[in-house]
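This is data.csv (CSV, C-alpha atoms).
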```csv
chain,number,residue,atom,x,y,z
G,18,MET,CA,9.6,32.4,10.8
G,19,LEU,CA,10.6,29.2,9.1
G,20,ALA,CA,13.1,28.2,11.9
G,21,ASP,CA,10.2,28.3,14.4
G,22,LYS,CA,8.2,25.8,12.3
G,23,LEU,CA,11.1,23.3,12.5
G,24,THR,CA,11.2,23.1,16.3
G,25,PRO,CA,8.3,20.6,16.6
G,26,PHE,CA,10.0,18.2,14.2
G,27,ILE,CA,13.3,18.3,16.2
G,28,ASP,CA,11.4,17.9,19.5
G,29,ARG,CA,9.5,14.9,18.1
G,30,TYR,CA,12.6,13.3,16.8
G,31,ASN,CA,14.3,13.6,20.1
G,32,GLU,CA,11.2,12.2,21.9
G,33,LEU,CA,11.3,9.2,19.5
G,34,SER,CA,15.0,8.6,20.3
G,35,ASN,CA,14.1,8.5,24.1
G,36,LEU,CA,11.2,6.2,23.5
G,37,LEU,CA,13.2,3.8,21.3
G,38,SER,CA,15.8,3.5,24.0
G,39,SER,CA,13.3,2.5,26.7
G,40,GLU,CA,12.8,-1.1,27.8
G,41,ASP,CA,9.1,-1.0,27.4
G,42,ILE,CA,9.3,-0.2,23.7
G,43,ALA,CA,12.1,-2.8,23.2
G,44,SER,CA,9.7,-5.6,24.2
G,45,ASP,CA,7.0,-4.4,21.8
G,46,ILE,CA,8.3,-5.2,18.3
G,47,LYS,CA,5.3,-3.7,16.4
G,48,ARG,CA,5.5,-0.4,18.5
G,49,MET,CA,9.3,-0.3,18.0
G,50,THR,CA,8.9,-0.8,14.2
G,51,ASP,CA,6.3,2.0,14.0
G,52,LEU,CA,8.3,4.4,16.0
G,53,SER,CA,11.5,3.6,14.1
G,54,LYS,CA,9.7,4.3,10.8
G,55,GLU,CA,8.4,7.6,12.1
G,56,GLN,CA,11.8,8.6,13.1
G,57,SER,CA,13.3,7.5,9.8
G,58,ASP,CA,10.7,9.7,8.0
G,59,LEU,CA,11.7,12.7,10.1
G,60,GLN,CA,15.4,12.2,9.5
G,61,LYS,CA,15.8,14.4,6.4
G,62,ILE,CA,13.8,17.3,7.8
G,63,VAL,CA,15.6,17.2,11.1
G,64,ASP,CA,19.1,17.1,9.5
G,65,LYS,CA,18.2,20.1,7.3
G,66,ALA,CA,16.7,21.9,10.3
G,67,HIS,CA,19.9,21.5,12.3
G,68,GLU,CA,22.0,22.7,9.3
G,69,TYR,CA,19.7,25.7,8.7
G,70,LYS,CA,19.6,26.7,12.4
G,71,GLN,CA,23.4,26.4,12.6
G,72,MET,CA,23.7,28.6,9.5
G,73,LEU,CA,21.5,31.2,11.0
G,74,ALA,CA,23.4,31.1,14.3
G,75,ASP,CA,26.7,31.5,12.4
G,76,ILE,CA,25.5,34.5,10.5
G,77,ALA,CA,24.2,36.1,13.7
G,78,GLU,CA,27.5,35.5,15.5
G,79,ASN,CA,29.5,36.9,12.7
G,80,LYS,CA,27.3,40.0,12.5
G,81,GLU,CA,28.1,40.7,16.2
G,82,MET,CA,31.8,40.6,15.3
G,83,LEU,CA,31.6,43.1,12.4
G,84,GLY,CA,32.8,45.9,14.7
G,85,ASP,CA,35.8,44.0,16.0
G,86,PRO,CA,39.0,45.5,14.6
G,87,GLU,CA,40.7,42.2,14.3
G,88,LEU,CA,37.9,39.8,13.4
G,89,GLY,CA,35.6,42.2,11.5
G,90,GLU,CA,36.9,41.5,8.0
G,91,LEU,CA,36.9,37.7,8.6
G,92,ALA,CA,33.3,37.9,9.9
G,93,LYS,CA,32.3,40.0,6.8
G,94,GLU,CA,33.7,37.3,4.5
G,95,GLU,CA,31.9,34.5,6.4
G,96,ILE,CA,28.6,36.4,6.1
G,97,LYS,CA,29.2,36.9,2.4
G,98,GLU,CA,29.7,33.2,2.0
G,99,LEU,CA,26.8,32.0,4.2
G,100,GLU,CA,23.9,34.4,3.3
G,101,PRO,CA,23.6,33.2,-0.4
G,102,LYS,CA,23.1,29.7,0.9
G,103,ILE,CA,20.0,30.6,3.0
G,104,PRO,CA,17.4,30.8,0.1
G,105,LYS,CA,18.5,27.4,-1.2
G,106,ILE,CA,18.3,25.5,2.1
G,107,GLU,CA,15.0,27.3,2.9
G,108,ASP,CA,13.6,26.0,-0.5
G,109,GLU,CA,14.8,22.5,0.4
G,110,ILE,CA,13.1,22.6,3.8
G,111,LYS,CA,9.8,23.9,2.4
G,112,LYS,CA,9.7,20.9,0.0
G,113,LEU,CA,10.4,18.6,2.9
G,114,LEU,CA,7.6,20.2,5.0
G,115,MET,CA,5.0,19.5,2.3
G,116,PRO,CA,2.7,16.5,3.1
G,117,ARG,CA,3.7,13.5,1.1
G,118,ASP,CA,1.4,11.7,-1.2
G,119,PRO,CA,0.7,8.4,0.6
G,120,ASN,CA,0.6,6.6,-2.8
G,121,ASP,CA,4.0,7.9,-4.0
G,122,GLU,CA,6.0,4.8,-3.0
G,123,ARG,CA,3.5,2.3,-4.5
G,124,ASN,CA,3.8,0.2,-7.6
G,125,THR,CA,1.5,1.4,-10.4
G,126,ILE,CA,-1.0,0.0,-12.8
G,127,ILE,CA,-1.2,1.9,-16.2
G,128,GLU,CA,-3.9,1.6,-18.8
G,129,LEU,CA,-3.6,3.1,-22.2
G,130,ARG,CA,-6.7,3.2,-24.5
G,131,ALA,CA,-7.1,4.4,-28.1
G,132,GLY,CA,-9.5,7.3,-28.4
G,133,THR,CA,-10.4,9.4,-31.4
G,134,GLY,CA,-8.4,8.7,-34.5
G,135,GLY,CA,-9.1,5.0,-35.2
G,136,ASP,CA,-6.1,3.0,-36.4
G,137,GLU,CA,-3.7,5.9,-35.8
G,138,ALA,CA,-4.8,6.2,-32.2
G,139,ALA,CA,-4.2,2.5,-31.7
G,140,ILE,CA,-0.7,2.7,-33.2
G,141,PHE,CA,0.1,5.6,-30.9
G,142,VAL,CA,-1.0,3.6,-27.9
G,143,GLY,CA,1.7,1.1,-28.9
G,144,ASP,CA,4.3,3.8,-29.4
G,145,LEU,CA,3.6,5.5,-26.0
G,146,PHE,CA,3.5,2.2,-24.2
G,147,ASN,CA,6.8,1.2,-25.7
G,148,ALA,CA,8.2,4.6,-24.7
G,149,TYR,CA,7.0,4.0,-21.1
G,150,MET,CA,8.7,0.6,-21.1
G,151,ARG,CA,12.0,2.3,-22.1
G,152,TYR,CA,11.4,4.9,-19.3
G,153,ALA,CA,10.9,2.0,-16.8
G,154,ASP,CA,14.1,0.4,-18.0
G,155,VAL,CA,16.0,3.7,-17.6
G,156,ARG,CA,14.7,4.0,-14.0
G,157,GLY,CA,15.4,0.3,-13.2
G,158,TRP,CA,11.7,-0.6,-12.8
G,159,LYS,CA,10.1,-3.9,-13.7
G,160,VAL,CA,7.1,-4.2,-16.0
G,161,GLU,CA,4.5,-6.9,-16.0
G,162,LEU,CA,2.0,-7.0,-18.9
G,163,MET,CA,-1.5,-7.6,-17.5
G,164,ASP,CA,-3.8,-7.4,-20.5
G,165,ALA,CA,-3.6,-6.2,-24.1
G,166,SER,CA,-6.0,-6.0,-27.0
G,167,ALA,CA,-4.0,-5.7,-30.2
G,168,SER,CA,-5.1,-3.6,-33.2
G,169,GLU,CA,-5.1,-5.2,-36.7
G,170,SER,CA,-3.2,-2.1,-38.0
G,171,GLY,CA,-0.6,-2.3,-35.3
G,172,GLY,CA,-0.4,-1.0,-31.7
G,173,TYR,CA,-3.2,-1.7,-29.2
G,174,LYS,CA,-6.8,-0.8,-28.8
G,175,ASP,CA,-5.9,-1.0,-25.1
G,176,VAL,CA,-3.1,-2.3,-22.9
G,177,THR,CA,-2.7,-2.6,-19.2
G,178,ALA,CA,0.6,-3.2,-17.3
G,179,LEU,CA,1.9,-3.2,-13.7
G,180,ILE,CA,5.1,-1.3,-13.1
G,181,LYS,CA,7.1,-2.2,-10.0
G,182,GLY,CA,10.0,-0.3,-8.5
G,183,ASP,CA,11.1,2.6,-6.4
G,184,GLN,CA,8.8,5.6,-6.3
G,185,VAL,CA,6.9,4.5,-9.4
G,186,TYR,CA,3.6,6.3,-8.7
G,187,SER,CA,5.4,9.5,-7.6
G,188,ARG,CA,6.5,10.0,-11.2
G,189,MET,CA,4.0,8.1,-13.3
G,190,LYS,CA,1.0,9.9,-11.7
G,191,TYR,CA,1.8,12.8,-14.0
G,192,GLU,CA,1.0,10.8,-17.1
G,193,GLY,CA,-2.7,10.4,-16.3
G,194,GLY,CA,-5.0,12.2,-18.9
G,195,THR,CA,-5.6,12.6,-22.6
G,196,HIS,CA,-2.5,12.5,-24.9
G,197,ARG,CA,-2.9,14.0,-28.4
G,198,VAL,CA,-0.7,13.0,-31.3
G,199,GLN,CA,-0.2,15.0,-34.6
G,200,ARG,CA,1.5,13.2,-37.4
G,201,VAL,CA,1.2,11.9,-41.0
G,202,PRO,CA,-0.1,8.3,-40.9
G,203,ALA,CA,1.7,5.8,-43.1
G,204,THR,CA,-1.5,5.3,-45.1
G,205,GLU,CA,-1.8,9.0,-45.9
G,206,SER,CA,-0.9,9.5,-49.5
G,207,GLN,CA,-1.1,13.3,-49.6
G,208,GLY,CA,1.1,14.0,-46.6
G,209,ARG,CA,-1.7,15.5,-44.4
G,210,VAL,CA,-1.2,15.7,-40.7
G,211,HIS,CA,-3.8,13.8,-38.7
G,212,THR,CA,-4.7,14.4,-35.1
G,213,SER,CA,-5.5,11.4,-32.8
G,214,ALA,CA,-6.0,11.0,-29.1
G,215,ILE,CA,-5.5,8.3,-26.5
G,216,THR,CA,-6.2,8.2,-22.7
G,217,VAL,CA,-3.8,7.1,-20.0
G,218,ALA,CA,-5.0,6.0,-16.6
G,219,ILE,CA,-2.5,5.8,-13.7
G,220,MET,CA,-3.6,3.9,-10.6
G,221,PRO,CA,-1.6,2.9,-7.5
G,222,GLU,CA,-1.5,-0.8,-6.8
G,223,VAL,CA,-3.5,-1.4,-3.6
G,224,ASP,CA,-3.5,-4.1,-0.9
G,225,ASP,CA,-6.5,-6.3,-0.2
G,226,VAL,CA,-7.1,-4.6,3.2
G,227,GLU,CA,-7.4,-1.1,1.5
G,228,VAL,CA,-10.3,-2.0,-0.8
G,229,THR,CA,-13.0,-4.3,0.4
G,230,ILE,CA,-15.1,-6.0,-2.3
G,231,ASP,CA,-18.2,-8.0,-1.5
G,232,PRO,CA,-18.1,-11.2,-3.6
G,233,ASN,CA,-21.9,-10.8,-4.1
G,234,ASP,CA,-21.2,-7.5,-6.0
G,235,LEU,CA,-19.2,-9.3,-8.7
G,236,LYS,CA,-20.3,-11.0,-11.9
G,237,ILE,CA,-17.5,-13.2,-13.2
G,238,ASP,CA,-17.6,-14.5,-16.8
G,239,VAL,CA,-15.1,-17.0,-18.3
G,240,MET,CA,-14.6,-17.0,-22.0
G,241,ARG,CA,-12.2,-18.0,-24.7
G,242,SER,CA,-9.1,-15.8,-25.2
G,243,SER,CA,-9.2,-13.8,-28.4
G,244,GLY,CA,-5.5,-14.0,-28.8
G,245,CYS,CA,-3.1,-11.0,-29.1
G,246,GLY,CA,-1.5,-10.0,-32.4
G,247,GLY,CA,0.7,-12.8,-33.7
G,248,GLN,CA,0.4,-14.9,-30.6
G,249,SER,CA,-1.3,-18.2,-30.8
G,250,VAL,CA,-4.9,-18.0,-29.8
G,251,ASN,CA,-5.6,-19.7,-26.5
G,252,THR,CA,-7.9,-22.6,-27.1
G,253,THR,CA,-9.1,-22.9,-23.4
G,254,ASP,CA,-11.7,-20.9,-21.7
G,255,SER,CA,-9.1,-19.0,-19.6
G,256,ALA,CA,-10.0,-15.3,-20.3
G,257,VAL,CA,-11.8,-13.7,-17.4
G,258,ARG,CA,-14.2,-10.7,-17.3
G,259,ILE,CA,-15.2,-9.3,-13.9
G,260,THR,CA,-18.1,-6.8,-13.6
G,261,HIS,CA,-18.4,-4.8,-10.3
G,262,ILE,CA,-22.1,-4.3,-10.3
G,263,PRO,CA,-22.4,-1.3,-7.9
G,264,SER,CA,-19.9,0.8,-9.8
G,265,GLY,CA,-20.4,-0.7,-13.3
G,266,ILE,CA,-16.6,-1.1,-13.7
G,267,VAL,CA,-15.7,-4.0,-16.0
G,268,VAL,CA,-12.2,-5.6,-16.1
G,269,THR,CA,-11.1,-8.2,-18.6
G,270,ASN,CA,-7.8,-10.2,-18.5
G,271,GLN,CA,-6.7,-12.8,-21.0
G,272,ASP,CA,-2.9,-12.4,-20.9
G,273,GLN,CA,-2.2,-15.7,-19.0
G,274,LYS,CA,-3.1,-19.2,-20.1
G,275,SER,CA,-4.3,-19.9,-16.6
G,276,GLN,CA,-7.8,-18.9,-15.7
G,277,HIS,CA,-6.8,-18.5,-12.1
G,278,LYS,CA,-3.9,-16.1,-12.9
G,279,ASN,CA,-6.2,-14.1,-15.2
G,280,LYS,CA,-8.7,-13.8,-12.4
G,281,ASP,CA,-6.0,-12.6,-10.0
G,282,LYS,CA,-4.8,-10.0,-12.4
G,283,ALA,CA,-8.3,-8.8,-13.2
G,284,MET,CA,-9.1,-8.5,-9.5
G,285,LYS,CA,-5.9,-6.4,-9.0
G,286,VAL,CA,-6.9,-4.0,-11.7
G,287,LEU,CA,-10.5,-3.8,-10.4
G,288,LYS,CA,-9.2,-2.9,-6.9
G,289,ALA,CA,-6.9,-0.2,-8.3
G,290,ARG,CA,-9.8,1.3,-10.3
G,291,LEU,CA,-12.1,1.3,-7.3
G,292,TYR,CA,-9.3,2.9,-5.2
G,293,GLU,CA,-8.8,5.5,-8.0
G,294,LYS,CA,-12.6,6.2,-8.0
G,295,GLU,CA,-12.5,6.8,-4.2
G,296,MET,CA,-9.5,9.2,-4.7
G,297,GLN,CA,-11.4,11.1,-7.4
G,298,GLU,CA,-14.5,11.5,-5.2
G,299,ALA,CA,-12.3,12.7,-2.3
G,300,MET,CA,-10.8,15.3,-4.6
G,301,GLU,CA,-14.3,16.5,-5.7
G,302,LYS,CA,-15.1,17.1,-2.0
G,303,GLU,CA,-11.9,18.9,-1.4
G,304,GLY,CA,-12.7,21.4,-4.1
G,305,ALA,CA,-11.6,22.8,-7.4
G,306,ALA,CA,-8.1,23.8,-6.2
G,307,ARG,CA,-7.2,20.2,-5.4
G,308,LYS,CA,-8.7,18.9,-8.7
G,309,ASP,CA,-6.7,21.3,-10.7
G,310,GLN,CA,-3.4,19.9,-9.4
G,311,VAL,CA,-1.3,18.0,-11.9
G,312,GLY,CA,-1.2,14.3,-11.6
G,313,THR,CA,-4.7,13.6,-10.4
G,314,GLY,CA,-5.2,10.9,-12.9
G,315,ASP,CA,-8.1,12.7,-14.5
G,316,ARG,CA,-8.6,11.1,-18.0
G,317,SER,CA,-10.8,13.8,-19.4
G,318,GLY,CA,-8.2,16.6,-19.5
G,319,ARG,CA,-5.8,17.0,-22.4
G,320,ILE,CA,-2.4,17.1,-20.8
G,321,ARG,CA,0.1,16.7,-23.7
G,322,THR,CA,0.6,17.0,-27.4
G,323,TYR,CA,3.1,15.0,-29.5
G,324,ASN,CA,3.7,16.8,-32.8
G,325,TYR,CA,5.9,14.6,-35.0
G,326,PRO,CA,6.4,16.9,-38.0
G,327,GLN,CA,7.9,19.6,-35.7
G,328,ASN,CA,9.6,17.0,-33.4
G,329,ARG,CA,7.8,18.9,-30.6
G,330,ILE,CA,6.3,17.6,-27.3
G,331,SER,CA,4.2,20.1,-25.3
G,332,ASP,CA,2.8,19.7,-21.8
G,333,HIS,CA,-0.2,22.0,-21.5
G,334,ARG,CA,-0.4,22.0,-17.7
G,335,ILE,CA,2.8,24.0,-17.3
G,336,THR,CA,3.2,25.3,-20.9
G,337,LEU,CA,6.3,23.3,-21.4
G,338,THR,CA,7.5,22.8,-24.9
G,339,LEU,CA,10.5,20.7,-25.9
G,340,TYR,CA,11.8,20.0,-29.5
G,341,ARG,CA,13.1,16.6,-28.5
G,342,LEU,CA,10.1,14.4,-29.2
G,343,ASN,CA,12.0,11.6,-31.0
G,344,GLU,CA,14.7,11.4,-28.3
G,345,ILE,CA,12.2,11.4,-25.5
G,346,MET,CA,10.1,8.7,-27.1
G,347,THR,CA,12.9,6.4,-28.3
G,348,GLY,CA,15.1,7.0,-25.2
G,349,GLY,CA,12.5,6.9,-22.5
G,350,LEU,CA,13.6,10.3,-21.3
G,351,PHE,CA,10.3,11.3,-19.7
G,352,ASP,CA,12.1,12.9,-16.7
G,353,GLU,CA,12.7,15.9,-18.9
G,354,ILE,CA,8.9,16.4,-18.7
G,355,ILE,CA,8.2,14.9,-15.3
G,356,GLU,CA,10.8,16.9,-13.3
G,357,PRO,CA,9.3,20.3,-14.3
G,358,LEU,CA,5.9,19.0,-13.4
G,359,ILE,CA,7.1,17.9,-10.0
G,360,ALA,CA,8.8,21.3,-9.5
G,361,ASP,CA,5.6,23.1,-10.5
G,362,THR,CA,3.5,21.0,-8.1
G,363,GLN,CA,5.9,21.6,-5.2
G,364,ALA,CA,5.8,25.4,-5.9
G,365,LYS,CA,2.0,25.5,-5.9
G,366,ASN,CA,1.9,23.4,-2.7
G,367,ILE,CA,4.4,25.7,-0.9
G,368,GLU,CA,2.4,28.8,-2.0
G,369,ALA,CA,-0.9,27.2,-0.8
G,370,ALA,CA,0.7,26.3,2.5
G,371,GLY,CA,1.9,29.9,3.0
G,372,LEU,CA,5.5,28.9,3.6
```

Go through the file and emit its structure as structure tokens.
Amino acid sequence: MLADKLTPFIDRYNELSNLLSSEDIASDIKRMTDLSKEQSDLQKIVDKAHEYKQMLADIAENKEMLGDPELGELAKEEIKELEPKIPKIEDEIKKLLMPRDPNDERNTIIELRAGTGGDEAAIFVGDLFNAYMRYADVRGWKVELMDASASESGGYKDVTALIKGDQVYSRMKYEGGTHRVQRVPATESQGRVHTSAITVAIMPEVDDVEVTIDPNDLKIDVMRSSGCGGQSVNTTDSAVRITHIPSGIVVTNQDQKSQHKNKDKAMKVLKARLYEKEMQEAMEKEGAARKDQVGTGDRSGRIRTYNYPQNRISDHRITLTLYRLNEIMTGGLFDEIIEPLIADTQAKNIEAAGL
């Protein structure tokens, strides 16, 4: 029974309250901070647990009064009002019981790269990147451009940015994968629809303590910036390329005029890629079920199609189709896609947990 599974959470919350009021804990700032955070994390589930248990108690009490000649009708009305609320609160509790992704609250590094389709793919990298920037603005997030390689025909061959804000990774993680675009290029004289593809990598920003890199494993090259689109070409040797020899990962940054800043940004991306690599390897060990989950950041799988002639956007992971492509792309309305993906993930997790 769901109510029984809530008791340990309530007991632990009460235990934490007693610990936090003790003199021993008050003198240990770190311990008090850790316990306070744990209690804060439990607050929502405990509040819902109390509400749920009270609701069940009220229903049981009213059922006992059904045979009462004076209070029976009132009890019947209260039961009629309370019982429909049970499924909703049970669903809310099940979601709260699910283990949280430890990366959900992190800032996020995104990388978009042109794939098949040549110039048209590069143009779509620019279009999707701009749409993400509008989405970030809608959600009140800040975006810091880290590196970009412009395409002569417009857009980018690749672009990397850091998005900072509340719960960024919890939503952007669903964007990792291959995005396919179908539209008529501006250069197409006969009006034929072309299909192009780009890849999006989503990586949580990590702290230095989480990813340890041996300096001896790095090959650092300094070179002249190639410039970016219409910007003036940097005449100093400030662009930085870092190669992580054991993994073969190569990161280049040339966005800043300062060599030091470019190196710092390149290291940040390198750490994120290494952390992502560790996550992917962990998923491999956990088995196919975990790998099939949406939002794993796997770049190989086609996750979405953008069909411009039909104004259609389709997410293939949950067979979601919306005929609002232009509004979503120009208005940054990605929550219309991400919210159903979150709901689908939660439903799968609840089913897997047997709740």

- Message: Show me, as number ranges by chain, the residues that have an atom within 12 Å of stretch 334-338 of chain G when counting only C-alpha atoms, minus same-chain residues fewer than 3 positions from it.
- Response: G: 191-195, 309-313, 318-324, 327-331, 341-342, 353-362, 364-365

- Measure the distance from atom CA of G:Leu162 to atom CA of G:Gly182 in Å and round it to one decimal.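 Separation between atom CA of G:Leu162 and atom CA of G:Gly182: 14.7 Å.
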
- Query: So which one's closest to G:Arg200, G:Tyr69, G:Phe141, G:Tyr325, G:Tyr173? Using only C-alpha atoms, please.
  - Reply: G:Tyr325

- Spatial neighbours of G:Leu52, 10 Å, only C-alpha atoms, chain gap at least 6 places, as a PyMOL selection string: chain G and resi 30+33-34+36-37+42+46+58

Keeping C-alpha atoms, export the residues of the selection given above as a CSV table (one decimal), in the frame of the given file.
```
chain,number,residue,atom,x,y,z
G,30,TYR,CA,12.6,13.3,16.8
G,33,LEU,CA,11.3,9.2,19.5
G,34,SER,CA,15.0,8.6,20.3
G,36,LEU,CA,11.2,6.2,23.5
G,37,LEU,CA,13.2,3.8,21.3
G,42,ILE,CA,9.3,-0.2,23.7
G,46,ILE,CA,8.3,-5.2,18.3
G,58,ASP,CA,10.7,9.7,8.0
```

- Message: The residues within 10 Å of (0.6, -3.2, -11.4), using only C-alpha atoms and the coordinates of the file, should be reported as a PyMOL selection string; which are they?
- Response: chain G and resi 123-128+159-163+177-181+219-223+282+285-286+289

Those residues you just picked out, can you put them in a file as a PDB file, keeping the file's coordinate frame with C-alpha atoms?
```pdb
ATOM      1  CA  ARG G 123       3.500   2.300  -4.500  1.00  0.00           C
ATOM      2  CA  ASN G 124       3.800   0.200  -7.600  1.00  0.00           C
ATOM      3  CA  THR G 125       1.500   1.400 -10.400  1.00  0.00           C
ATOM      4  CA  ILE G 126      -1.000   0.000 -12.800  1.00  0.00           C
ATOM      5  CA  ILE G 127      -1.200   1.900 -16.200  1.00  0.00           C
ATOM      6  CA  GLU G 128      -3.900   1.600 -18.800  1.00  0.00           C
ATOM      7  CA  LYS G 159      10.100  -3.900 -13.700  1.00  0.00           C
ATOM      8  CA  VAL G 160       7.100  -4.200 -16.000  1.00  0.00           C
ATOM      9  CA  GLU G 161       4.500  -6.900 -16.000  1.00  0.00           C
ATOM     10  CA  LEU G 162       2.000  -7.000 -18.900  1.00  0.00           C
ATOM     11  CA  MET G 163      -1.500  -7.600 -17.500  1.00  0.00           C
ATOM     12  CA  THR G 177      -2.700  -2.600 -19.200  1.00  0.00           C
ATOM     13  CA  ALA G 178       0.600  -3.200 -17.300  1.00  0.00           C
ATOM     14  CA  LEU G 179       1.900  -3.200 -13.700  1.00  0.00           C
ATOM     15  CA  ILE G 180       5.100  -1.300 -13.100  1.00  0.00           C
ATOM     16  CA  LYS G 181       7.100  -2.200 -10.000  1.00  0.00           C
ATOM     17  CA  ILE G 219      -2.500   5.800 -13.700  1.00  0.00           C
ATOM     18  CA  MET G 220      -3.600   3.900 -10.600  1.00  0.00           C
ATOM     19  CA  PRO G 221      -1.600   2.900  -7.500  1.00  0.00           C
ATOM     20  CA  GLU G 222      -1.500  -0.800  -6.800  1.00  0.00           C
ATOM     21  CA  VAL G 223      -3.500  -1.400  -3.600  1.00  0.00           C
ATOM     22  CA  LYS G 282      -4.800 -10.000 -12.400  1.00  0.00           C
ATOM     23  CA  LYS G 285      -5.900  -6.400  -9.000  1.00  0.00           C
ATOM     24  CA  VAL G 286      -6.900  -4.000 -11.700  1.00  0.00           C
ATOM     25  CA  ALA G 289      -6.900  -0.200  -8.300  1.00  0.00           C
TER      26      ALA G 289
END
```

- For G:Gly371, which of G:Met18, G:Ala139, G:Ile27, G:Val63 is the closest residue, counting all atoms listed in the file?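 Result for the nearest residue to G:Gly371: G:Met18.
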
- Message: Please compute the atom CA of G:Lys174-atom CA of G:Ile140 distance, one decimal, in Å.
- Response: 8.3 Å

- Message: Report as number ranges by chain all protein, DNA and RNA residues lying within 9 Å of G:Asp234, evaluated on only C-alpha atoms, omitting residues in the same chain fewer than 3 positions from it.
- Response: G: 230-231, 260-263

- Message: I'd like to know which of G:Glu68, G:Asp28, G:Glu205, G:Glu87 is closest to G:Leu99, using only C-alpha atoms.
- Response: G:Glu68

- Task: Find the residues near G:Ala153: any atom within 10 Å, counting only C-alpha atoms, skip ones fewer than 2 places away on the same chain, and give them as a PyMOL selection string.
- Result: chain G and resi 147-151+155-160+180-182+185+189+349-351

Which residues are near G:Leu129? Cut-off 6 Å, only C-alpha atoms, ignore same chain within fewer than 3 positions. Put them as a JSON list (two decimals) with C-alpha atoms, in the coordinates of the input.
```
[["chain", "number", "residue", "atom", "x", "y", "z"],
["G", 175, "ASP", "CA", -5.90, -1.00, -25.10],
["G", 176, "VAL", "CA", -3.10, -2.30, -22.90],
["G", 216, "THR", "CA", -6.20, 8.20, -22.70],
["G", 217, "VAL", "CA", -3.80, 7.10, -20.00]]
```

- Query: Between G:Tyr152, G:Ser38, G:Glu137, G:Ser168, which one has atoms that come closest to G:Gly348, using all atoms listed in the file?
  - Reply: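 Of all the options, G:Tyr152 lies closest to G:Gly348.
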
- Query: Could you state the separation of atom CA of G:Glu169 and atom CA of G:Met346 in Å, given to one decimal place?
  - Reply: 22.7 Å

- In terms of only C-alpha atoms, the residue from G:Lys105, G:Arg130, G:Arg258, G:Arg290 at minimal distance from G:Gln276 is G:Arg258

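Comparing G:Leu114, G:Leu339, G:Ala138, G:Ala43 by their smallest distance to G:Ala214, the closest is G:Ala138 (using all atoms listed in the file).
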
Please rebuild stretch 115-128 of chain G with N, CA and C atoms and return the result as a short mmCIF file (atom, residue, chain, number, x, y, z; two decimals), in the frame of the given file.
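Full text of rebuild-v9.cif as output:
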```cif
data_model
loop_
_atom_site.label_atom_id
_atom_site.label_comp_id
_atom_site.auth_asym_id
_atom_site.auth_seq_id
_atom_site.Cartn_x
_atom_site.Cartn_y
_atom_site.Cartn_z
N MET G 115 6.25 19.76 3.00
CA MET G 115 5.00 19.50 2.30
C MET G 115 4.51 18.05 2.62
N PRO G 116 3.21 17.87 2.84
CA PRO G 116 2.70 16.50 3.10
C PRO G 116 2.99 15.61 1.90
N ARG G 117 3.42 14.40 2.19
CA ARG G 117 3.70 13.50 1.10
C ARG G 117 2.49 12.75 0.64
N ASP G 118 2.44 12.51 -0.66
CA ASP G 118 1.40 11.70 -1.20
C ASP G 118 1.54 10.28 -0.72
N PRO G 119 0.56 9.74 0.01
CA PRO G 119 0.70 8.40 0.60
C PRO G 119 0.89 7.31 -0.49
N ASN G 120 0.54 7.64 -1.74
CA ASN G 120 0.60 6.60 -2.80
C ASN G 120 1.99 6.67 -3.53
N ASP G 121 2.83 7.67 -3.25
CA ASP G 121 4.00 7.90 -4.00
C ASP G 121 4.97 6.67 -4.11
N GLU G 122 5.04 5.89 -3.06
CA GLU G 122 6.00 4.80 -3.00
C GLU G 122 5.37 3.48 -3.61
N ARG G 123 4.13 3.54 -4.05
CA ARG G 123 3.50 2.30 -4.50
C ARG G 123 3.86 1.94 -5.94
N ASN G 124 3.70 0.65 -6.23
CA ASN G 124 3.80 0.20 -7.60
C ASN G 124 2.53 0.76 -8.33
N THR G 125 2.54 0.72 -9.66
CA THR G 125 1.50 1.40 -10.40
C THR G 125 0.95 0.60 -11.56
N ILE G 126 -0.36 0.66 -11.70
CA ILE G 126 -1.00 0.00 -12.80
C ILE G 126 -1.33 1.13 -13.86
N ILE G 127 -0.90 0.91 -15.11
CA ILE G 127 -1.20 1.90 -16.20
C ILE G 127 -2.10 1.26 -17.20
N GLU G 128 -3.02 2.05 -17.69
CA GLU G 128 -3.90 1.60 -18.80
C GLU G 128 -3.89 2.64 -19.88
#
```
